Amino acid sequence: MTVTLIKPEGDAPQDGQHAAAPEASPTRPERRRARYRRIAQAALEDDRVRTAGRLAVRHASYTAGGVRVVGRRMWDGRTASRYERMIRAAESAGLLEEVKEWEARGHAFRAARHKRRMDMLQLALNAPKAVASGTAAGGGILLMLGILLAWANHNIRDVLTPIETIVELVQWCAFIGGVIWGPLMFAAPWIGLAACWTVGQHRHTAPQWALPVSARTIGDAITPSIVVVAFRDLGISALRKAIEGMGDVGAAMLSGIKTAGCGVEVDVHLPSGVDTLEIQNKRRKLAENLNRHEHEVFITIPPQPRTVRLWIADSGALDEPIGPSPLMLDEDATADYYTGAAPWGQNLRGDLVDVSVFQRHILLTGLSNQGKTAALRALALWLALDPTVDFYIADLKGVGDWRAFLGLAQVLIQGPTDDHVAQATDMVEWGVEEMQKRIALLEESGSTEGVTREMARTDPRFRPIVLIVDEAQVAYGCTAKSLDGRPYGGAKATSRYFQAVKKIHDQGRAVNVTIWEGTQDPTDENLPKRSREGNHIRGSLVLGTESQAKMALGEAPVDAGAAPHRLRRDLDRGTLVVAGGVKMEPGQVSVTVRTHFLSGDDAVVLTDRAKARRETVATVHKLEIVQPVDHLADLAAVVGREQFVRTTEVIHRLKTRNHAVYEHWNGPRVKALLVEYGEDTSLRDGYPVVKLDSVERALDRRESELAEAQ
């Protein structure tokens, strides 16, 4: 018989395949462990087992926690550890006077304890003599009583009756003590445990999940101990060590907890080595440690160094709506642009927030459909009650949010198209022209204080003008170009809308020409830095990121704790974080405002009141397109080929060329035109002149800028 060691080809595994190894059956210990796991899993899923486990943990924690509390109390009562903790806490807080005070108290405690111990030693030395004297005195008294008793009863045996009575009393006491001693010794440990359990139950020493629902601290009042424990458990090593070193006196790092509206406010002085930024970055964990939601805890930085200020809302309080606007409650409400303030809403303390809009540019931003238009419109509705203020409004959303101003606003543009952006740009540029006319009038009158209240009341040429552009990001993002080749949108030197807003930001306030803008989802493209930083009041509703919050409010308020990006979308609709324009405490750079909501119907009611107090206005819906005047080209035309022309002569020639446009031009206005393109006027023989070279260089520079823009 032939034997081969070569495996037949039919039995060989194919490429990429391996021979299957036989499955090993589980051993008996493995099967036992798997069965135990199944039983344990089923038990843990049973509500009865979980309830029983919760009860066991709760009562065991009550007992252990009570023992710890009682032991700490006994130790503190017999030693100077309490004074040592207070000294360490005062040292951590830098309170040197309190350190001295607690050192003096500790010294007095030790001296008193030493005196008591010495008295006890002296008592031990004097005890034998005192016992002997007491026994002799007591025996003598009992013997005297016996003699008196025997004399009264004429029985000599009664002499020992008092002594026998005392002996029998001692016997009964010994008998009773012998009966109860055993049970007492058996019950004493259980009584002690019950007492410790009672202490632990009173102090709620069990974990929160094991406590009864009625005893859990979810939404309970904020106490110093809760705040200290919340900071201790933030996960910051230096902070935890410092608080543990303070022991029971960790509250020394807190100011007094005071009621502030629908919550409480407290300042926390941080120990050395802990940065305020670390606390701000732990806002969510801190809120959870305080048994609050993240939106119910606000962290700001007060003027004091190494300190954070907490505002902690009552549980659920921020989900309740605030009351109606005072404008709807008082039909006789009035407004004064110069001295009044608009009732905008409430801060977190519950105090009314009033906003002064006198000569202030305003920027409100936020995500879409969060109440930005309503918040901006609320300010305009209040100001409309002042009949001396004129409104020029461009609503680049075009859904009718500003329709109530029909018949009240001088201009009301509504729509999102490029044509509407062109109209809005013309409106803002008209504001620039009006501003420049007013500046020229002030210079002619020699006024150095700007437009005063009396001047605006008596001279209609200086009436307050408020330009409102809602959804301004549409204008900044518009790529359409005007007839002269300049784009309406963008943030370059040739961008018409941006340059007009910039000029009003620079000079409009002094002559009662201000601009209010509302934008959404800010970026550097749809809200240029130079434009947003020119505003006096900057407010933001909910935003997506911290970088957007810094664009909306500026870096300083956000670094100091302003957090519109922490607001809840839809749930915090109408809530603004405002920097500037509202009353704040010293050192505070922002405030959170819950604005009063005024619906479209409310807006109609208020504008009807405003219309009744002023003359009827024929609102313009579409501005008449006027070909833009090229001031630089006109300047070049009047200079001609002369190398030097006096500025006064230039102004005369410009007025002759176009009197309606150049009627109020003067020397500074000509100089400003050249400075805009990097040039300036010069002096010749003591007189200001315009040089031909300067005009030609300005024209060349403008041409190059237009070429770059294209």
# chains A, B, ... in the order shown; residues from 1 in each chain; ligands from 1

call {"tool": "select_by_dssp", "arguments": {"residues": "range 133-243 of chain A", "states": "helix (DSSP H, G or I)", "output": "number ranges by chain"}}
result
A: 133-153, 156-203, 208-210, 213-215, 224-232, 237-243

call {"tool": "write_last_selection", "arguments": {"atoms": "C-alpha atoms", "output": "compact mmCIF listing (two decimals), in the first residue's frame"}}
result
# COMPACT_ATOMS: atom_id res chain seq x y z
CA SER A 133 -14.69 65.85 104.76
CA GLY A 134 -17.97 65.24 102.95
CA THR A 135 -18.37 61.79 104.40
CA ALA A 136 -17.67 62.97 107.96
CA ALA A 137 -20.05 65.92 107.54
CA GLY A 138 -22.77 63.72 106.04
CA GLY A 139 -22.38 61.06 108.74
CA GLY A 140 -22.53 63.72 111.42
CA ILE A 141 -25.71 65.20 109.96
CA LEU A 142 -27.37 61.76 109.70
CA LEU A 143 -26.34 60.94 113.28
CA MET A 144 -27.75 64.26 114.52
CA LEU A 145 -31.03 63.53 112.73
CA GLY A 146 -31.12 60.06 114.31
CA ILE A 147 -30.60 61.52 117.81
CA LEU A 148 -33.43 64.00 117.24
CA LEU A 149 -35.67 61.22 115.92
CA ALA A 150 -34.89 58.94 118.91
CA TRP A 151 -35.59 61.79 121.37
CA ALA A 152 -38.91 62.50 119.69
CA ASN A 153 -39.96 58.81 119.60
CA ILE A 156 -32.89 54.68 121.23
CA ARG A 157 -32.95 52.48 118.11
CA ASP A 158 -34.09 55.36 115.94
CA VAL A 159 -30.61 56.89 116.21
CA LEU A 160 -29.45 54.70 113.27
CA THR A 161 -32.68 54.99 111.22
CA PRO A 162 -31.40 57.81 108.85
CA ILE A 163 -28.20 55.87 108.16
CA GLU A 164 -30.14 52.65 107.50
CA THR A 165 -32.43 54.55 105.08
CA ILE A 166 -29.46 55.82 103.09
CA VAL A 167 -27.97 52.30 102.98
CA GLU A 168 -31.28 50.86 101.66
CA LEU A 169 -31.46 53.61 99.01
CA VAL A 170 -27.99 52.73 97.80
CA GLN A 171 -28.99 49.06 97.67
CA TRP A 172 -32.03 49.84 95.50
CA CYS A 173 -29.96 52.00 93.15
CA ALA A 174 -27.43 49.18 92.79
CA PHE A 175 -30.22 46.69 92.09
CA ILE A 176 -31.86 48.89 89.45
CA GLY A 177 -28.49 49.65 87.88
CA GLY A 178 -27.69 45.94 87.71
CA VAL A 179 -31.00 45.24 85.97
CA ILE A 180 -30.68 47.93 83.26
CA TRP A 181 -26.90 47.92 82.78
CA GLY A 182 -26.80 44.98 80.41
CA PRO A 183 -29.60 46.16 78.05
CA LEU A 184 -28.22 49.71 78.18
CA MET A 185 -24.77 48.54 77.13
CA PHE A 186 -26.36 46.52 74.33
CA ALA A 187 -28.53 49.41 73.11
CA ALA A 188 -25.97 52.22 73.51
CA PRO A 189 -24.20 51.63 70.14
CA TRP A 190 -27.54 51.47 68.33
CA ILE A 191 -28.72 54.64 70.01
CA GLY A 192 -25.48 56.35 68.92
CA LEU A 193 -25.95 55.12 65.33
CA ALA A 194 -29.55 56.32 65.35
CA ALA A 195 -28.40 59.74 66.55
CA CYS A 196 -25.76 59.87 63.81
CA TRP A 197 -28.38 58.75 61.25
CA THR A 198 -30.63 61.60 62.37
CA VAL A 199 -27.82 64.11 61.94
CA GLY A 200 -26.99 62.73 58.49
CA GLN A 201 -30.63 62.84 57.41
CA HIS A 202 -30.91 66.46 58.55
CA ARG A 203 -27.75 67.41 56.63
CA GLN A 208 -28.41 63.36 45.24
CA TRP A 209 -29.58 60.34 43.23
CA ALA A 210 -30.23 58.36 46.45
CA VAL A 213 -37.31 63.51 45.37
CA SER A 214 -38.63 65.97 47.96
CA ALA A 215 -35.19 66.29 49.58
CA PRO A 224 -22.88 79.69 50.64
CA SER A 225 -22.18 75.99 51.15
CA ILE A 226 -23.79 75.11 47.79
CA VAL A 227 -21.67 77.73 45.99
CA VAL A 228 -18.45 76.62 47.68
CA VAL A 229 -19.07 72.94 46.88
CA ALA A 230 -19.95 73.87 43.27
CA PHE A 231 -16.61 75.65 42.86
CA ARG A 232 -14.73 72.84 44.60
CA SER A 237 -6.93 71.28 40.96
CA ALA A 238 -5.64 74.52 42.50
CA LEU A 239 -9.16 75.64 43.36
CA ARG A 240 -10.08 72.31 44.94
CA LYS A 241 -6.96 72.21 47.10
CA ALA A 242 -7.49 75.78 48.28
CA ILE A 243 -11.12 75.13 49.24

call {"tool": "residues_around", "arguments": {"residues": "range 581-593 of chain A", "least_positions_apart": "4", "cutoff": "9 Å", "atoms": "only C-alpha atoms", "output": "PDB file with N, CA and C atoms, in the first residue's frame"}}
result
ATOM      1  N   THR A 300     -19.714  87.129  35.071  1.00  0.00           N
ATOM      2  CA  THR A 300     -19.087  88.360  34.599  1.00  0.00           C
ATOM      3  C   THR A 300     -17.876  88.661  35.469  1.00  0.00           C
ATOM      4  N   ILE A 301     -17.071  89.612  35.011  1.00  0.00           N
ATOM      5  CA  ILE A 301     -15.842  89.971  35.722  1.00  0.00           C
ATOM      6  C   ILE A 301     -16.022  91.363  36.312  1.00  0.00           C
ATOM      7  N   PRO A 302     -16.117  91.490  37.639  1.00  0.00           N
ATOM      8  CA  PRO A 302     -16.255  92.812  38.270  1.00  0.00           C
ATOM      9  C   PRO A 302     -14.910  93.523  38.318  1.00  0.00           C
ATOM     10  N   PRO A 303     -14.887  94.781  38.786  1.00  0.00           N
ATOM     11  CA  PRO A 303     -13.607  95.514  38.812  1.00  0.00           C
ATOM     12  C   PRO A 303     -12.572  94.907  39.748  1.00  0.00           C
ATOM     13  N   GLN A 304     -13.007  94.209  40.797  1.00  0.00           N
ATOM     14  CA  GLN A 304     -12.046  93.659  41.748  1.00  0.00           C
ATOM     15  C   GLN A 304     -11.185  92.587  41.075  1.00  0.00           C
ATOM     16  N   TRP A 344     -36.935  99.709  27.185  1.00  0.00           N
ATOM     17  CA  TRP A 344     -36.603  98.620  26.260  1.00  0.00           C
ATOM     18  C   TRP A 344     -36.948  97.248  26.818  1.00  0.00           C
ATOM     19  N   GLY A 345     -36.829  97.068  28.139  1.00  0.00           N
ATOM     20  CA  GLY A 345     -37.080  95.753  28.712  1.00  0.00           C
ATOM     21  C   GLY A 345     -36.620  95.687  30.147  1.00  0.00           C
ATOM     22  N   GLN A 346     -36.200  94.494  30.570  1.00  0.00           N
ATOM     23  CA  GLN A 346     -35.722  94.264  31.932  1.00  0.00           C
ATOM     24  C   GLN A 346     -34.381  93.555  31.881  1.00  0.00           C
ATOM     25  N   ASN A 347     -33.522  93.884  32.862  1.00  0.00           N
ATOM     26  CA  ASN A 347     -32.286  93.126  32.982  1.00  0.00           C
ATOM     27  C   ASN A 347     -32.549  91.885  33.828  1.00  0.00           C
ATOM     28  N   LEU A 348     -31.514  91.113  34.074  1.00  0.00           N
ATOM     29  CA  LEU A 348     -31.693  89.863  34.799  1.00  0.00           C
ATOM     30  C   LEU A 348     -32.110  90.078  36.246  1.00  0.00           C
ATOM     31  N   VAL A 353     -34.878  98.507  32.053  1.00  0.00           N
ATOM     32  CA  VAL A 353     -33.723  98.965  31.271  1.00  0.00           C
ATOM     33  C   VAL A 353     -34.202 100.055  30.328  1.00  0.00           C
ATOM     34  N   ASP A 354     -33.689 101.264  30.531  1.00  0.00           N
ATOM     35  CA  ASP A 354     -34.006 102.404  29.679  1.00  0.00           C
ATOM     36  C   ASP A 354     -32.786 102.752  28.836  1.00  0.00           C
ATOM     37  N   VAL A 355     -33.027 103.056  27.581  1.00  0.00           N
ATOM     38  CA  VAL A 355     -31.936 103.319  26.629  1.00  0.00           C
ATOM     39  C   VAL A 355     -32.047 104.745  26.123  1.00  0.00           C
ATOM     40  N   SER A 356     -30.973 105.514  26.266  1.00  0.00           N
ATOM     41  CA  SER A 356     -30.902 106.854  25.691  1.00  0.00           C
ATOM     42  C   SER A 356     -30.353 106.748  24.279  1.00  0.00           C
ATOM     43  N   VAL A 357     -31.098 107.249  23.308  1.00  0.00           N
ATOM     44  CA  VAL A 357     -30.670 107.177  21.908  1.00  0.00           C
ATOM     45  C   VAL A 357     -30.173 108.530  21.410  1.00  0.00           C
ATOM     46  N   ARG A 360     -26.802 108.823  19.103  1.00  0.00           N
ATOM     47  CA  ARG A 360     -26.096 107.549  19.198  1.00  0.00           C
ATOM     48  C   ARG A 360     -26.392 106.681  17.979  1.00  0.00           C
ATOM     49  N   HIS A 536     -22.283 103.438  18.855  1.00  0.00           N
ATOM     50  CA  HIS A 536     -22.239 103.709  20.291  1.00  0.00           C
ATOM     51  C   HIS A 536     -22.944 102.623  21.099  1.00  0.00           C
ATOM     52  N   ILE A 537     -24.020 102.073  20.550  1.00  0.00           N
ATOM     53  CA  ILE A 537     -24.770 101.007  21.210  1.00  0.00           C
ATOM     54  C   ILE A 537     -24.682  99.772  20.326  1.00  0.00           C
ATOM     55  N   ARG A 538     -24.155  98.695  20.887  1.00  0.00           N
ATOM     56  CA  ARG A 538     -24.039  97.445  20.143  1.00  0.00           C
ATOM     57  C   ARG A 538     -24.742  96.348  20.939  1.00  0.00           C
ATOM     58  N   LEU A 553     -20.203  92.587  19.539  1.00  0.00           N
ATOM     59  CA  LEU A 553     -20.077  93.442  20.720  1.00  0.00           C
ATOM     60  C   LEU A 553     -18.688  94.021  20.915  1.00  0.00           C
ATOM     61  N   ALA A 556     -13.636  93.263  24.161  1.00  0.00           N
ATOM     62  CA  ALA A 556     -13.605  93.558  25.598  1.00  0.00           C
ATOM     63  C   ALA A 556     -14.858  93.057  26.320  1.00  0.00           C
ATOM     64  N   PRO A 557     -16.080  93.343  25.846  1.00  0.00           N
ATOM     65  CA  PRO A 557     -17.256  92.822  26.556  1.00  0.00           C
ATOM     66  C   PRO A 557     -17.307  91.307  26.611  1.00  0.00           C
ATOM     67  N   VAL A 558     -16.923  90.637  25.527  1.00  0.00           N
ATOM     68  CA  VAL A 558     -16.971  89.174  25.520  1.00  0.00           C
ATOM     69  C   VAL A 558     -15.930  88.605  26.478  1.00  0.00           C
ATOM     70  N   ALA A 560     -14.987  89.966  29.104  1.00  0.00           N
ATOM     71  CA  ALA A 560     -15.454  90.266  30.463  1.00  0.00           C
ATOM     72  C   ALA A 560     -16.703  89.477  30.837  1.00  0.00           C
ATOM     73  N   GLY A 561     -17.169  88.607  29.942  1.00  0.00           N
ATOM     74  CA  GLY A 561     -18.276  87.732  30.312  1.00  0.00           C
ATOM     75  C   GLY A 561     -19.512  87.833  29.447  1.00  0.00           C
ATOM     76  N   ALA A 562     -19.611  88.815  28.551  1.00  0.00           N
ATOM     77  CA  ALA A 562     -20.781  88.897  27.671  1.00  0.00           C
ATOM     78  C   ALA A 562     -20.810  87.660  26.772  1.00  0.00           C
ATOM     79  N   PRO A 564     -23.504  86.313  24.145  1.00  0.00           N
ATOM     80  CA  PRO A 564     -24.703  86.065  23.333  1.00  0.00           C
ATOM     81  C   PRO A 564     -24.685  84.701  22.657  1.00  0.00           C
ATOM     82  N   GLY A 574     -35.664  87.475  21.662  1.00  0.00           N
ATOM     83  CA  GLY A 574     -35.887  88.794  22.229  1.00  0.00           C
ATOM     84  C   GLY A 574     -34.940  89.163  23.345  1.00  0.00           C
ATOM     85  N   THR A 575     -34.044  88.253  23.727  1.00  0.00           N
ATOM     86  CA  THR A 575     -33.060  88.551  24.777  1.00  0.00           C
ATOM     87  C   THR A 575     -31.777  89.059  24.133  1.00  0.00           C
ATOM     88  N   LEU A 576     -31.325  90.227  24.586  1.00  0.00           N
ATOM     89  CA  LEU A 576     -30.162  90.894  24.001  1.00  0.00           C
ATOM     90  C   LEU A 576     -29.040  91.015  25.020  1.00  0.00           C
ATOM     91  N   VAL A 577     -27.823  90.901  24.550  1.00  0.00           N
ATOM     92  CA  VAL A 577     -26.661  91.308  25.335  1.00  0.00           C
ATOM     93  C   VAL A 577     -26.202  92.639  24.766  1.00  0.00           C
TER      94      VAL A 577
END

call {"tool": "residues_around", "arguments": {"residues": "Gly485 in chain A", "least_positions_apart": "2", "cutoff": "9 Å", "atoms": "only C-alpha atoms", "output": "ChimeraX atom specification"}}
result
/A:481-483,487,706,710

call {"tool": "residues_around", "arguments": {"residues": "Arg566 in chain A", "least_positions_apart": "6", "cutoff": "8 Å", "atoms": "only C-alpha atoms", "output": "list in words"}}
result
His295, Val542 and Leu543 of chain A

call {"tool": "residues_around", "arguments": {"residues": "Arg613 in chain A", "least_positions_apart": "5", "cutoff": "12 Å", "atoms": "only C-alpha atoms", "output": "PyMOL selection string"}}
result
chain A and resi 332-335+384-389+408+606-608

call {"tool": "write_last_selection", "arguments": {"atoms": "N, CA and C atoms", "output": "PDB file, in the first residue's frame"}}
result
ATOM      1  N   ASP A 332     -50.715 108.071  27.392  1.00  0.00           N
ATOM      2  CA  ASP A 332     -50.196 109.442  27.351  1.00  0.00           C
ATOM      3  C   ASP A 332     -48.665 109.487  27.371  1.00  0.00           C
ATOM      4  N   ALA A 333     -48.034 108.350  27.124  1.00  0.00           N
ATOM      5  CA  ALA A 333     -46.565 108.302  27.152  1.00  0.00           C
ATOM      6  C   ALA A 333     -45.989 109.238  26.099  1.00  0.00           C
ATOM      7  N   THR A 334     -44.887 109.885  26.445  1.00  0.00           N
ATOM      8  CA  THR A 334     -44.211 110.809  25.530  1.00  0.00           C
ATOM      9  C   THR A 334     -42.747 110.405  25.412  1.00  0.00           C
ATOM     10  N   ALA A 335     -42.059 111.038  24.483  1.00  0.00           N
ATOM     11  CA  ALA A 335     -40.639 110.778  24.280  1.00  0.00           C
ATOM     12  C   ALA A 335     -39.917 112.097  24.079  1.00  0.00           C
ATOM     13  N   ALA A 384     -40.647 107.732  18.033  1.00  0.00           N
ATOM     14  CA  ALA A 384     -41.659 108.321  17.160  1.00  0.00           C
ATOM     15  C   ALA A 384     -42.621 109.218  17.929  1.00  0.00           C
ATOM     16  N   LEU A 385     -42.697 109.028  19.255  1.00  0.00           N
ATOM     17  CA  LEU A 385     -43.572 109.867  20.068  1.00  0.00           C
ATOM     18  C   LEU A 385     -42.999 111.262  20.267  1.00  0.00           C
ATOM     19  N   ASP A 386     -41.766 111.510  19.808  1.00  0.00           N
ATOM     20  CA  ASP A 386     -41.190 112.858  19.790  1.00  0.00           C
ATOM     21  C   ASP A 386     -41.418 113.435  18.395  1.00  0.00           C
ATOM     22  N   PRO A 387     -42.296 114.411  18.250  1.00  0.00           N
ATOM     23  CA  PRO A 387     -42.656 114.899  16.899  1.00  0.00           C
ATOM     24  C   PRO A 387     -41.541 115.653  16.192  1.00  0.00           C
ATOM     25  N   THR A 388     -40.415 115.901  16.855  1.00  0.00           N
ATOM     26  CA  THR A 388     -39.336 116.660  16.212  1.00  0.00           C
ATOM     27  C   THR A 388     -38.349 115.766  15.482  1.00  0.00           C
ATOM     28  N   VAL A 389     -38.538 114.435  15.538  1.00  0.00           N
ATOM     29  CA  VAL A 389     -37.579 113.499  14.942  1.00  0.00           C
ATOM     30  C   VAL A 389     -38.113 113.011  13.606  1.00  0.00           C
ATOM     31  N   LEU A 408     -45.565 108.188   8.591  1.00  0.00           N
ATOM     32  CA  LEU A 408     -44.788 108.784   9.687  1.00  0.00           C
ATOM     33  C   LEU A 408     -43.338 108.999   9.262  1.00  0.00           C
ATOM     34  N   LEU A 606     -49.153 102.340  18.304  1.00  0.00           N
ATOM     35  CA  LEU A 606     -48.215 103.373  18.756  1.00  0.00           C
ATOM     36  C   LEU A 606     -47.950 104.405  17.667  1.00  0.00           C
ATOM     37  N   THR A 607     -47.808 103.953  16.423  1.00  0.00           N
ATOM     38  CA  THR A 607     -47.558 104.927  15.353  1.00  0.00           C
ATOM     39  C   THR A 607     -48.788 105.796  15.107  1.00  0.00           C
ATOM     40  N   ASP A 608     -49.993 105.249  15.322  1.00  0.00           N
ATOM     41  CA  ASP A 608     -51.196 106.084  15.211  1.00  0.00           C
ATOM     42  C   ASP A 608     -51.171 107.208  16.260  1.00  0.00           C
TER      43      ASP A 608
END

call {"tool": "residues_around", "arguments": {"residues": "Thr519 in chain A", "least_positions_apart": "2", "cutoff": "12 Å", "atoms": "only C-alpha atoms", "output": "ChimeraX atom specification"}}
result
/A:362-373,376,395-397,468-477,516-517,521-523,525-528,531-532,538-541,543,551-552

call {"tool": "select_by_dssp", "arguments": {"residues": "range 624-693 of chain A", "states": "strand (DSSP E or B)", "output": "ChimeraX atom specification"}}
result
/A:644-646,682-684,687-691

call {"tool": "atom_distance", "arguments": {"atom1": "CA of Thr79 in chain A", "atom2": "CA of Ala104 in chain A"}}
result
15.1 Å

call {"tool": "residues_around", "arguments": {"residues": "Gln280 in chain A", "least_positions_apart": "3", "cutoff": "10 Å", "atoms": "only C-alpha atoms", "output": "number ranges by chain"}}
result
A: 275-277, 283-284, 286, 298-301, 308, 559-561

call {"tool": "atom_distance", "arguments": {"atom1": "CA of Arg403 in chain A", "atom2": "CA of Ala456 in chain A"}}
result
27.6 Å

call {"tool": "decode", "arguments": {"residues": "range 499-561 of chain A", "atoms": "C-alpha atoms", "output": "short mmCIF file (atom, residue, chain, number, x, y, z; two decimals), in the first residue's frame"}}
result
data_model
loop_
_atom_site.label_atom_id
_atom_site.label_comp_id
_atom_site.auth_asym_id
_atom_site.auth_seq_id
_atom_site.Cartn_x
_atom_site.Cartn_y
_atom_site.Cartn_z
CA GLN A 499 -18.39 104.69 2.79
CA ALA A 500 -21.64 106.57 3.45
CA VAL A 501 -22.19 104.74 6.76
CA LYS A 502 -18.57 105.35 7.73
CA LYS A 503 -18.91 109.09 7.12
CA ILE A 504 -22.06 109.31 9.23
CA HIS A 505 -20.33 107.38 12.01
CA ASP A 506 -17.46 109.87 11.89
CA GLN A 507 -19.36 113.16 11.92
CA GLY A 508 -23.11 112.67 11.96
CA ARG A 509 -23.64 112.57 15.72
CA ALA A 510 -22.66 116.20 16.26
CA VAL A 511 -25.33 117.47 13.85
CA ASN A 512 -28.19 115.16 14.84
CA VAL A 513 -27.76 112.68 11.99
CA THR A 514 -27.55 109.10 13.26
CA ILE A 515 -27.88 105.68 11.69
CA TRP A 516 -29.30 102.46 13.20
CA GLU A 517 -28.50 99.13 11.55
CA GLY A 518 -29.88 95.66 12.07
CA THR A 519 -27.96 92.70 10.67
CA GLN A 520 -27.96 88.94 11.06
CA ASP A 521 -25.28 86.28 11.35
CA PRO A 522 -22.34 88.76 11.33
CA THR A 523 -19.14 88.08 9.41
CA ASP A 524 -16.33 90.30 8.18
CA GLU A 525 -17.95 90.24 4.74
CA ASN A 526 -21.51 91.25 5.64
CA LEU A 527 -20.55 93.53 8.55
CA PRO A 528 -17.14 95.21 8.05
CA LYS A 529 -15.05 95.90 11.14
CA ARG A 530 -14.85 99.66 10.56
CA SER A 531 -18.63 99.84 10.30
CA ARG A 532 -19.48 97.83 13.41
CA GLU A 533 -16.92 99.64 15.57
CA GLY A 534 -18.40 103.05 14.74
CA ASN A 535 -21.56 102.41 16.80
CA HIS A 536 -22.24 103.71 20.29
CA ILE A 537 -24.77 101.01 21.21
CA ARG A 538 -24.04 97.45 20.14
CA GLY A 539 -26.46 94.67 20.96
CA SER A 540 -26.64 91.02 20.04
CA LEU A 541 -29.27 88.34 20.25
CA VAL A 542 -28.34 84.67 20.14
CA LEU A 543 -25.31 83.89 17.96
CA GLY A 544 -23.61 80.71 16.92
CA THR A 545 -19.98 81.21 17.97
CA GLU A 546 -17.80 83.26 20.29
CA SER A 547 -16.02 84.82 17.29
CA GLN A 548 -19.37 86.17 16.07
CA ALA A 549 -20.07 87.50 19.56
CA LYS A 550 -16.80 89.44 19.43
CA MET A 551 -17.74 90.85 16.03
CA ALA A 552 -21.12 91.95 17.36
CA LEU A 553 -20.08 93.44 20.72
CA GLY A 554 -16.30 93.83 20.55
CA GLU A 555 -13.63 91.75 22.23
CA ALA A 556 -13.60 93.56 25.60
CA PRO A 557 -17.26 92.82 26.56
CA VAL A 558 -16.97 89.17 25.52
CA ASP A 559 -13.71 88.74 27.43
CA ALA A 560 -15.45 90.27 30.46
CA GLY A 561 -18.28 87.73 30.31
#
